[in-house]
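A short write-up of the structure that comes next.
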Amino acid sequence: MHDLILCVDDDPITLMLCKMVISKASFSKEIITAQNGEEALNYFDNLKLNNLGEKINKYATLVFLDLNMPVMDGWDFLDHFYNEEYTSFFKDTKVIVLSSTIDPEDINKSKTYPMVIDFISKPITKEVLENLKSLI
């Protein structure tokens with residue numbers, strides 16, 4: 001079980017479903033959301049600023065990330081988050097791409113990011129979460 005999970009998606013119904021399924025599966029104690037990659041990066045930036053170099057004790061160690069979003073898409077989020085500015089603070093954070101795309105190129109590209117541990121198709125289900133437990 002993760003203490004804190006971040007779900008990033010521009011669709012409010014997907015975010016609601018993500019929170020509901022994760023809660024019902026007892027997969028996390030707390031789920032927070034962001035509507036695009038910029039909001040997700042702001043979450044991590046605010047943690048760094050509020051802790052002023054101190055060790056950050058509580059942060060999202062798992063991110064469910066959509067790829068196709070306005071403002072900042074999932075790829076831009078991954079490009080920024082892969083930077084040492086983030087990986088040094090949040091080295092325990094893993095990402096699961098949660099997308100409706102079936103493009104093999106997207107699946108292969110996601111595997112080039114070390115923090116991405118899986119690529120799953122929407123919608124998220126309790127069965128998917130059960131299968132993920134072995135990866136996490």
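In the structure tokens, chains take the letters A, B, ... in the order shown, each chain's residues start at 1, and ligands count up from 1 in the order shown.
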Could you name the residues that touch Val95 (chain A) at 8 Å or less, counting only C-alpha atoms, but leaving out those on the same chain fewer than 6 positions away, as a compact mmCIF listing (two decimals) with C-alpha atoms, in the first residue's frame?
```txt
# COMPACT_ATOMS: atom_id res chain seq x y z
CA LEU A 62 3.25 6.62 -7.24
CA VAL A 63 1.87 8.70 -10.10
CA PHE A 64 -0.83 7.52 -12.50
CA LEU A 65 -0.20 9.71 -15.56
CA MET A 115 10.71 6.03 -13.40
CA VAL A 116 7.96 4.53 -15.60
CA ILE A 117 7.23 1.03 -14.32
CA ASP A 118 4.17 0.19 -16.44
```
Could you find all residues in region 2-132 of chain A that DSSP calls strand (DSSP E or B) from the backbone, and write them as a PyMOL selection string?
chain A and resi 2-8+28-34+62-65+94-99+116-121
Nearest to Ser110 (chain A) by atom-to-atom distance, counting only C-alpha atoms, from A:Ile136, A:Glu85, A:Thr125, A:Leu78
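Distance minimum relative to Ser110 (chain A) lands on A:Leu78.
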Tell me, as a list in words, which residues lie within 12 Å of Leu4 (chain A), counting only C-alpha atoms; anything in the same chain fewer than 3 positions away does not count.
Met1, Cys7, Lys19, Ile22, Ser23, Ser26, Phe27, Ser28, Lys29, Glu30, Ile31, Ile32, Thr33, Asn57, Lys58, Tyr59, Ala60, Thr61, Leu62, Val63, Phe64, Asp92, Thr93 and Lys94 of chain A
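Between Thr87 (chain A) and the candidates A:His2, A:Lys126, A:Lys48, A:Lys133, the tightest atom-to-atom separation, counting only C-alpha atoms, involves A:Lys48.
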